[in-house]
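Participant: Input: one structure, supplied below.
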Amino acid sequence: MTVSKDDKWTEKKISRREMLKLTGVGMAGVAIGASGLGGVMKAMGYELLEDDSTTAQNKVNFYGPHQSGIVTPVQTHIYFASLNVLLTSKQELQELFKQWTPLVVRLMNGETMVEATTNTRVPTGDTGEAAGLDAANLSITVGIGPSLFDKLAMQHLKPTALQDLPHFPKDQLQQEWTGGDLCIQACADDPQVAFHAVRNLVRAASGKVEIKWSQAGFNSFPAKGGTPRNLFAFKDGTGNPTDVQELKKAVWVDNGWLKDGSYLVARKIQMHLETWDRTSLKDQEATFGRHRDSGAPLGKTQEFDAFDVEEKDSNGEYLMPDTSHTHLARKSGVQMLRRSYSYASGVMSNTGAHDAGLLFISFQKDPAQFIAVQNSLGRMDKLNEYITHRGSAVFACFPGVQKGSYLGEALFNAL
Ligand SMILES: C=CC1=C(C)c2cc3[nH]c(cc4nc(cc5[nH]c(cc1n2)c(C)c5CCC(=O)O)C(CCC(=O)O)=C4C)c(C)c3C=C
Ligand SMILES: [Fe+2]
């Protein structure tokens, strides 16, 4: 697929998913152009399998300027894992990323971790539950947290921006859902493919990493395409930046070893479904500042209609209430790319309420963007009545990988 300059595609009314698909195709174009025939090559003392699959179905490219799972099209499932690193040196960490890189390529190609063995007397190299499933558009995004720099005496390379997030007034964070030295975000159009990827990468690194916390999530896209709805039934993701210039400004780091990478903020946010379900539709819409069914800003008719938060009706009332989530988020003047997933994990043992909500994930050039929006939402956000932040983490996600390189190489070159 090509997009000519004359197409003026940024001005066409197309869905966010279509937009992201276009962005994804753009990225893929770069990666394919740079590829070649592939095959097995020797690199850095071990065999690095190149991205040589021509038969893989539903495959997201691993190689490119940015890691997959950020601006590539959103899949229906996520398995997100925050890990503790058990290693004691930077060299061991570098070896881990060299070990993982070709395995990530294989997984994203829909292949098993290792070629099948006929030896039944040893455990298999791949746990096997993804057998017969294709790549399912698996994307794998790897990031490192602030604590890792302290643990492995790399403080001098810790970006100033990479700090644990500050405490926000209504936070009720639990340690069991907070922090981590390293993250693996696996997204796929099949939940078992996403889980298999994390399980096998962690297994291959046995003794080097352990899972601190993890969360599975889902996103359901309407049959006719368009923005998915969250568990409060509102379209979620409408206001995301979509064109390349906006993404450049909001998402990608400009310099240093993290150039072309991005900061991932993860927040596990419980949504109080029972309270929400007792709320009138009018109040629900006032909470988000958008119409539920169409997703349009209040007072408008179409999901992607432009709006001015200061616009008032003939009675002098804000069209979009000044306590509404969208009003306050927009008023911050800051953009970020949200790539969240719903979760439903049974019931809260103490209350019997649904243990359900949003695994909020955003990518930004600097976590200060998240902080600015969260501060703007502050105590005013009407949505606060219906949600509780339970977990939090921040990670620096490496730039993309070129052939012959490995995840995080720029960091280790800077050591
Ligand atoms: C600090 C960042 C944000 C948190 C935390 C957050 C939580 C949260 N949001 C929803 C649902 C919606 N959010 C919407 C818009 C929106 N939210 C943020 C940021 C945070 N949300 C931004 C930057 C925006 C876009 C504002 C804009 O400029 O238009 C919407 C409206 C539709 C949309 O644009 O996606 C919904 C719905 C939930 C349920 C939630 C916590 C559980
Ligand atoms: Fe939001």
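Identifiers in the structure tokens: chain A, B, ... in order shown; residue index from 1 per chain; ligand index from 1 in order shown.
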At a cut-off of 6 Å, using only C-alpha atoms, what residues contact segment 349-364 of chain A? Leave out same-chain residues fewer than 5 positions from it and give the result as a PyMOL selection string.

Facilitator: chain A and resi 250-251+262-271+336-344

Participant: Could you write those residues out with C-alpha atoms, as a PDB file, in the first residue's frame?

Facilitator:
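Final file, out.pdb:
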ATOM      1  CA  ALA A 250       4.417  13.564  21.679  1.00  0.00           C
ATOM      2  CA  VAL A 251       5.927  10.082  21.698  1.00  0.00           C
ATOM      3  CA  SER A 262       9.646   6.176  24.346  1.00  0.00           C
ATOM      4  CA  TYR A 263       8.583   6.216  27.989  1.00  0.00           C
ATOM      5  CA  LEU A 264       5.821   3.796  28.926  1.00  0.00           C
ATOM      6  CA  VAL A 265       3.594   4.627  31.892  1.00  0.00           C
ATOM      7  CA  ALA A 266       1.456   1.763  33.188  1.00  0.00           C
ATOM      8  CA  ARG A 267      -1.331   2.334  35.707  1.00  0.00           C
ATOM      9  CA  LYS A 268      -3.573  -0.419  36.955  1.00  0.00           C
ATOM     10  CA  ILE A 269      -6.851   1.416  37.520  1.00  0.00           C
ATOM     11  CA  GLN A 270      -9.813  -0.330  39.080  1.00  0.00           C
ATOM     12  CA  MET A 271     -13.157   0.816  37.658  1.00  0.00           C
ATOM     13  CA  MET A 336       0.333  11.392  24.894  1.00  0.00           C
ATOM     14  CA  LEU A 337      -0.413   8.146  23.066  1.00  0.00           C
ATOM     15  CA  ARG A 338      -2.777   5.947  25.089  1.00  0.00           C
ATOM     16  CA  ARG A 339      -2.706   2.213  24.318  1.00  0.00           C
ATOM     17  CA  SER A 340      -4.764   0.814  27.185  1.00  0.00           C
ATOM     18  CA  TYR A 341      -6.524  -2.529  27.704  1.00  0.00           C
ATOM     19  CA  SER A 342      -9.480  -3.499  29.878  1.00  0.00           C
ATOM     20  CA  TYR A 343      -9.050  -6.216  32.483  1.00  0.00           C
ATOM     21  CA  ALA A 344     -11.464  -8.399  34.435  1.00  0.00           C
TER      22      ALA A 344
END

Participant: Write out as a compact mmCIF listing (two decimals) with C-alpha atoms, in the first residue's frame each polymer residue (protein, DNA or RNA) that has an atom no more than 9 Å from ligand 2, with only C-alpha atoms and all ligand atoms counted.

Facilitator:
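As written to disk, result-v3.txt reads:
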# COMPACT_ATOMS: atom_id res chain seq x y z
CA ASP A 236 -11.57 5.08 24.48
CA GLY A 237 -8.70 6.42 22.41
CA PHE A 288 -16.38 11.96 30.29
CA HIS A 325 -12.42 13.97 32.19
CA THR A 326 -11.96 15.10 28.59
CA ALA A 329 -7.22 16.22 30.12
CA ARG A 338 -2.78 5.95 25.09
CA PHE A 360 -3.86 2.23 31.36
CA LEU A 383 -14.22 10.21 36.87

Participant: Calculated over only C-alpha atoms and all ligand atoms, which of the candidates A:Phe232, A:Phe62, A:Trp100, A:Phe168 has the smallest distance to ligand 1?

Facilitator: A:Phe232

Participant: Got a sec: who's within 10 Å of Glu115 of chain A, counting only C-alpha atoms, leaving out chain neighbours fewer than 5 positions off, as a PyMOL selection string?

Facilitator: chain A and resi 124-126

Participant: Just C-alpha atoms for this one: save the residues we selected as an mmCIF file, in the first residue's frame.

Facilitator:
data_model
loop_
_atom_site.group_PDB
_atom_site.id
_atom_site.type_symbol
_atom_site.label_atom_id
_atom_site.label_comp_id
_atom_site.auth_asym_id
_atom_site.auth_seq_id
_atom_site.Cartn_x
_atom_site.Cartn_y
_atom_site.Cartn_z
ATOM 1 C CA THR A 124 11.014 -29.028 25.282
ATOM 2 C CA GLY A 125 12.656 -25.725 24.356
ATOM 3 C CA ASP A 126 9.265 -24.177 23.729
#

Participant: Select from segment 62-154 of chain A everything DSSP, run on the backbone, classes as alpha helix (DSSP H), then give the selection as a ChimeraX atom specification.

Facilitator: /A:90-108,146-151

Participant: Kindly indicate which residue among A:Pro65, A:Pro228, A:Gly346, A:Gly404 lies nearest to ligand 1, using only C-alpha atoms and all ligand atoms for the distances.

Facilitator: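 The shortest atom-to-atom distance to ligand 1 comes from A:Pro228.
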
Participant: Just how far from atom CA of Phe307 of chain A is atom CA of Pro73 of chain A, in Å to one decimal?

Facilitator: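 So the two atoms, atom CA of Pro73 of chain A and atom CA of Phe307 of chain A, lie 25.7 Å apart.
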
Participant: Residues near segment 200-212 of chain A, anyone? I mean within 10 Å using only C-alpha atoms, not counting same-chain ones fewer than 6 positions away, as a ChimeraX atom specification.

Facilitator: /A:81-88,92-93,96-97,99-101,103-104,107,112-113,125-128,175-184

Participant: Could you check which of A:Thr117, A:Ser314, A:Thr275, A:Thr227 is closest to ligand 1, using only C-alpha atoms and all ligand atoms?

Facilitator: A:Thr227

Participant: Return the single residue from A:Ala414, A:Leu138, A:Val198, A:Leu328 that is closest to Asp381 of chain A, with distances computed using only C-alpha atoms.

Facilitator: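 Going through A:Ala414, A:Leu138, A:Val198, A:Leu328 one by one, the smallest distance to Asp381 of chain A is for A:Leu328.
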